file run-v7.pdb (PDB, C-alpha atoms and all ligand atoms)
ATOM      1  CA  MET A 164       0.000   0.000   0.000
ATOM      2  CA  THR A 165       1.389   3.414  -0.956
ATOM      3  CA  THR A 166       2.123   5.804   1.875
ATOM      4  CA  ILE A 167       1.674   9.542   1.409
ATOM      5  CA  HIS A 168       4.009  11.529   3.639
ATOM      6  CA  VAL A 169       2.713  14.900   4.827
ATOM      7  CA  LEU A 170       5.515  16.929   6.376
ATOM      8  CA  ASN A 171       4.946  20.159   8.255
ATOM      9  CA  GLY A 172       7.669  22.563   9.272
ATOM     10  CA  PRO A 173       8.205  25.068  12.073
ATOM     11  CA  ASN A 174       5.344  26.712  13.925
ATOM     12  CA  LEU A 175       2.689  24.735  12.099
ATOM     13  CA  ASN A 176       2.024  22.907  15.384
ATOM     14  CA  LEU A 177       0.450  26.231  16.442
ATOM     15  CA  LEU A 178      -2.167  26.243  13.684
ATOM     16  CA  GLY A 179      -5.588  27.187  14.983
ATOM     17  CA  SER A 180      -4.255  29.842  17.340
ATOM     18  CA  ARG A 181      -1.344  31.192  15.258
ATOM     19  CA  GLU A 182      -2.296  34.331  13.277
ATOM     20  CA  PRO A 183      -5.738  32.937  12.373
ATOM     21  CA  GLU A 184      -6.406  35.861  10.014
ATOM     22  CA  THR A 185      -3.551  34.526   7.857
ATOM     23  CA  TYR A 186      -3.572  30.776   8.499
ATOM     24  CA  GLY A 187      -7.211  30.061   9.415
ATOM     25  CA  THR A 188      -8.670  28.393  12.471
ATOM     26  CA  GLN A 189      -8.157  24.725  11.669
ATOM     27  CA  THR A 190      -5.595  22.945  13.801
ATOM     28  CA  LEU A 191      -2.993  20.558  12.426
ATOM     29  CA  ALA A 192      -4.926  17.731  14.117
ATOM     30  CA  ASN A 193      -8.078  18.784  12.191
ATOM     31  CA  ILE A 194      -6.126  18.727   8.935
ATOM     32  CA  GLU A 195      -4.602  15.337   9.733
ATOM     33  CA  ALA A 196      -8.047  13.865  10.509
ATOM     34  CA  LYS A 197      -9.436  15.114   7.199
ATOM     35  CA  LEU A 198      -6.506  13.706   5.225
ATOM     36  CA  ALA A 199      -6.660  10.394   7.102
ATOM     37  CA  ALA A 200     -10.298   9.984   6.052
ATOM     38  CA  ILE A 201      -9.475  10.749   2.410
ATOM     39  CA  CYS A 202      -6.529   8.329   2.413
ATOM     40  CA  LYS A 203      -8.598   5.592   4.036
ATOM     41  CA  ALA A 204     -11.292   5.980   1.391
ATOM     42  CA  HIS A 205      -8.625   5.524  -1.300
ATOM     43  CA  SER A 206      -6.782   2.660   0.411
ATOM     44  CA  VAL A 207      -3.520   4.548   0.801
ATOM     45  CA  SER A 208      -1.794   5.085   4.100
ATOM     46  CA  LEU A 209      -0.855   8.425   5.619
ATOM     47  CA  GLN A 210       2.267   9.431   7.506
ATOM     48  CA  PHE A 211       1.524  12.906   8.893
ATOM     49  CA  ARG A 212       4.292  14.677  10.811
ATOM     50  CA  GLN A 213       5.413  18.079  12.074
ATOM     51  CA  SER A 214       8.800  19.280  13.233
ATOM     52  CA  ASN A 215      10.340  22.557  14.287
ATOM     53  CA  HIS A 216      13.771  21.165  13.320
ATOM     54  CA  GLU A 217      15.198  21.442   9.820
ATOM     55  CA  GLY A 218      17.364  18.312  10.067
ATOM     56  CA  GLU A 219      14.418  16.186  11.124
ATOM     57  CA  LEU A 220      12.521  17.308   8.026
ATOM     58  CA  VAL A 221      15.585  16.402   5.899
ATOM     59  CA  THR A 222      15.619  12.920   7.461
ATOM     60  CA  TRP A 223      11.907  12.420   6.749
ATOM     61  CA  ILE A 224      12.313  13.550   3.119
ATOM     62  CA  GLN A 225      15.162  11.048   2.690
ATOM     63  CA  GLU A 226      13.042   8.314   4.285
ATOM     64  CA  ALA A 227      10.135   8.906   1.885
ATOM     65  CA  GLY A 228      12.608   9.185  -0.998
ATOM     66  CA  ARG A 229      14.190   5.805  -0.221
ATOM     67  CA  ALA A 230      10.733   4.262  -0.420
ATOM     68  CA  SER A 231       9.864   6.318  -3.553
ATOM     69  CA  GLU A 232       6.755   7.525  -1.782
ATOM     70  CA  PRO A 233       5.065  10.865  -2.451
ATOM     71  CA  ILE A 234       5.500  13.857  -0.161
ATOM     72  CA  ILE A 235       3.325  16.848   0.588
ATOM     73  CA  ILE A 236       5.388  19.470   2.371
ATOM     74  CA  ASN A 237       4.582  22.752   4.014
ATOM     75  CA  ALA A 238       8.055  23.717   5.147
ATOM     76  CA  GLY A 239       6.834  26.934   6.790
ATOM     77  CA  ALA A 240       9.587  29.545   7.064
ATOM     78  CA  TYR A 241      12.223  26.985   6.016
ATOM     79  CA  SER A 242      10.722  27.236   2.516
ATOM     80  CA  HIS A 243      12.370  30.639   2.251
ATOM     81  CA  THR A 244      15.722  29.732   3.792
ATOM     82  CA  SER A 245      16.571  26.077   3.454
ATOM     83  CA  ILE A 246      19.022  24.917   0.815
ATOM     84  CA  ALA A 247      19.213  21.692   2.865
ATOM     85  CA  LEU A 248      15.531  20.915   2.257
ATOM     86  CA  MET A 249      15.884  21.719  -1.444
ATOM     87  CA  ASP A 250      18.921  19.434  -1.704
ATOM     88  CA  ALA A 251      17.088  16.662   0.159
ATOM     89  CA  ILE A 252      14.190  16.872  -2.291
ATOM     90  CA  LYS A 253      16.501  16.977  -5.324
ATOM     91  CA  GLY A 254      18.418  14.023  -3.934
ATOM     92  CA  THR A 255      15.393  11.749  -3.734
ATOM     93  CA  ASN A 256      13.111  10.147  -6.288
ATOM     94  CA  ALA A 257      10.134  11.251  -4.278
ATOM     95  CA  ARG A 258       7.386  13.241  -5.912
ATOM     96  CA  VAL A 259       6.910  16.409  -3.864
ATOM     97  CA  ILE A 260       4.004  18.801  -3.720
ATOM     98  CA  GLU A 261       4.653  22.073  -1.911
ATOM     99  CA  VAL A 262       1.764  23.517   0.075
ATOM    100  CA  HIS A 263       1.287  26.858   1.775
ATOM    101  CA  LEU A 264      -1.859  27.876   3.591
ATOM    102  CA  SER A 265      -1.363  31.508   2.626
ATOM    103  CA  ASN A 266      -0.532  32.970  -0.786
ATOM    104  CA  ILE A 267       3.137  33.709  -0.146
ATOM    105  CA  HIS A 268       3.291  35.986  -3.213
ATOM    106  CA  ALA A 269       0.680  38.303  -1.709
ATOM    107  CA  ARG A 270       2.753  38.717   1.460
ATOM    108  CA  GLU A 271       6.085  40.256   2.473
ATOM    109  CA  PRO A 272       8.785  40.149  -0.241
ATOM    110  CA  PHE A 273      10.997  37.808   1.825
ATOM    111  CA  ARG A 274       8.275  35.138   1.492
ATOM    112  CA  HIS A 275       8.084  35.357  -2.300
ATOM    113  CA  HIS A 276      10.983  32.985  -2.907
ATOM    114  CA  SER A 277      10.808  29.333  -1.903
ATOM    115  CA  TYR A 278      13.801  27.018  -2.261
ATOM    116  CA  ILE A 279      11.346  24.103  -2.393
ATOM    117  CA  SER A 280       9.425  25.310  -5.455
ATOM    118  CA  GLY A 281      12.079  24.583  -8.089
ATOM    119  CA  ALA A 282      12.380  21.008  -6.855
ATOM    120  CA  ALA A 283       8.627  20.359  -6.516
ATOM    121  CA  ARG A 284       6.282  18.666  -8.955
ATOM    122  CA  GLY A 285       3.684  21.324  -8.134
ATOM    123  CA  ILE A 286       2.711  24.025  -5.686
ATOM    124  CA  ILE A 287      -0.615  24.770  -3.999
ATOM    125  CA  MET A 288      -0.996  27.958  -1.993
ATOM    126  CA  GLY A 289      -3.562  30.420  -0.727
ATOM    127  CA  PHE A 290      -6.418  27.995  -0.083
ATOM    128  CA  GLY A 291      -5.833  27.496   3.635
ATOM    129  CA  ALA A 292      -6.275  23.962   4.967
ATOM    130  CA  LEU A 293      -8.043  22.970   1.740
ATOM    131  CA  GLY A 294      -4.623  23.132   0.064
ATOM    132  CA  TYR A 295      -3.603  19.887   1.781
ATOM    133  CA  GLU A 296      -6.716  18.138   0.417
ATOM    134  CA  LEU A 297      -6.021  19.496  -3.070
ATOM    135  CA  ALA A 298      -2.480  18.155  -2.810
ATOM    136  CA  ILE A 299      -3.750  14.699  -1.799
ATOM    137  CA  THR A 300      -6.143  14.789  -4.760
ATOM    138  CA  ALA A 301      -3.231  15.607  -7.082
ATOM    139  CA  ILE A 302      -1.143  12.744  -5.688
ATOM    140  CA  LEU A 303      -4.010  10.248  -5.901
ATOM    141  CA  SER A 304      -4.541  11.253  -9.502
ATOM    142  CA  ASP A 305      -0.799  10.811 -10.239
ATOM    143  CA  ILE A 306      -0.904   7.372  -8.601
ATOM    144  CA  ALA A 307      -3.947   6.410 -10.683
ATOM    145  CA  ILE A 308      -2.249   7.576 -13.903
ATOM    146  CA  SER A 309       1.006   5.747 -13.171
ATOM    147  CA  ALA A 310      -0.940   2.542 -12.340
ATOM    148  CA  LYS A 311      -2.455   2.511 -15.845
TER     149      LYS A 311
HETATM  150  C1  LIG B 401       3.483  29.186   5.352
HETATM  151  C2  LIG B 401       4.046  30.501   4.797
HETATM  152  C3  LIG B 401       5.419  30.793   5.367
HETATM  153  O1  LIG B 401       5.899  32.028   4.864
HETATM  154  C4  LIG B 401       5.361  30.879   6.881
HETATM  155  O2  LIG B 401       6.657  31.085   7.404
HETATM  156  C5  LIG B 401       4.697  29.707   7.496
HETATM  157  C6  LIG B 401       3.498  29.165   6.864
HETATM  158  C7  LIG B 401       2.031  28.946   4.892
HETATM  159  O3  LIG B 401       1.573  27.821   5.054
HETATM  160  O4  LIG B 401       1.372  29.862   4.418
HETATM  161  O5  LIG B 401       5.096  29.239   8.559
HETATM  162  O6  LIG B 401       4.276  28.114   4.863
END
call {"tool": "encode", "arguments": {"input": "run-v7.pdb", "output": "structure tokens"}}
result
Amino acid sequence: MTTIHVLNGPNLNLLGSREPETYGTQTLANIEAKLAAICKAHSVSLQFRQSNHEGELVTWIQEAGRASEPIIINAGAYSHTSIALMDAIKGTNARVIEVHLSNIHAREPFRHHSYISGAARGIIMGFGALGYELAITAILSDIAISAK
């Protein structure tokens, strides 16, 4: 059974109470529950994790890459700073979809560049928590196409 890895970076553990006008009111646990239900309905398994530590995210990307399993990543602020995350993604065979709750291009200039984007299969941003569901839909559709 394919596993979809959903990786969340720094401060995303605070979703729900963190700047709700920007990130919405859903908690990470709410998002995980929604994705778990979608994955169950499609007979794929879900590995949903969050870390405030860059190296831990690198390790998880490598782990998914070794298994050639797809990744959805919201790297939070590391998106804008982390060459290590970009290298980890480039170094794996894993298919990566980058997600941001907010539209980073409509925000401060320092958020406009993401090191992840150039290494990602696609990017979903600005749709709040729905972005994670859209990313799962994209992965499920990729899986269905590659199974044909
Ligand atoms: C974010 C956008 C980043 O700029 C920010 O640092 C985050 C969350 C988003 O989901 O919109 O932590 O990745």
call {"tool": "atom_distance", "arguments": {"input": "run-v7.pdb", "atom1": "CA of Gly179 in chain A", "atom2": "CA of Arg284 in chain A"}}
result
28.0 Å
call {"tool": "residues_near_point", "arguments": {"input": "run-v7.pdb", "point": "(18.4, 20.9, -2.4)", "cutoff": "12 Å", "atoms": "only C-alpha atoms", "output": "list in words"}}
result
Val221, Ile224, Gln225, Ser242, Thr244, Ser245, Ile246, Ala247, Leu248, Met249, Asp250, Ala251, Ile252, Lys253, Gly254, Thr255, Ser277, Tyr278, Ile279, Ser280, Gly281, Ala282 and Ala283 of chain A
call {"tool": "resolve_selection", "arguments": {"input": "run-v7.pdb", "expression": "the PyMOL selection byres (((not hetatm)) within 7 of (chain B and resi 401))", "output": "ChimeraX atom specification"}}
result
/A:173-175,186,237-240,242,262-267,274
call {"tool": "axis_aligned_box", "arguments": {"input": "run-v7.pdb", "around": "range 243-258 of chain A", "padding_each_side": "3 Å", "output": "AutoDock Vina command-line options"}}
result
--center_x 13.3 --center_y 20.4 --center_z -1.2 --size_x 17.8 --size_y 26.5 --size_z 16.1
call {"tool": "residues_around", "arguments": {"input": "run-v7.pdb", "residues": "Leu303 in chain A", "least_positions_apart": "6", "cutoff": "9 Å", "atoms": "only C-alpha atoms", "output": "list in words"}}
result
Cys202, His205 and Val207 of chain A
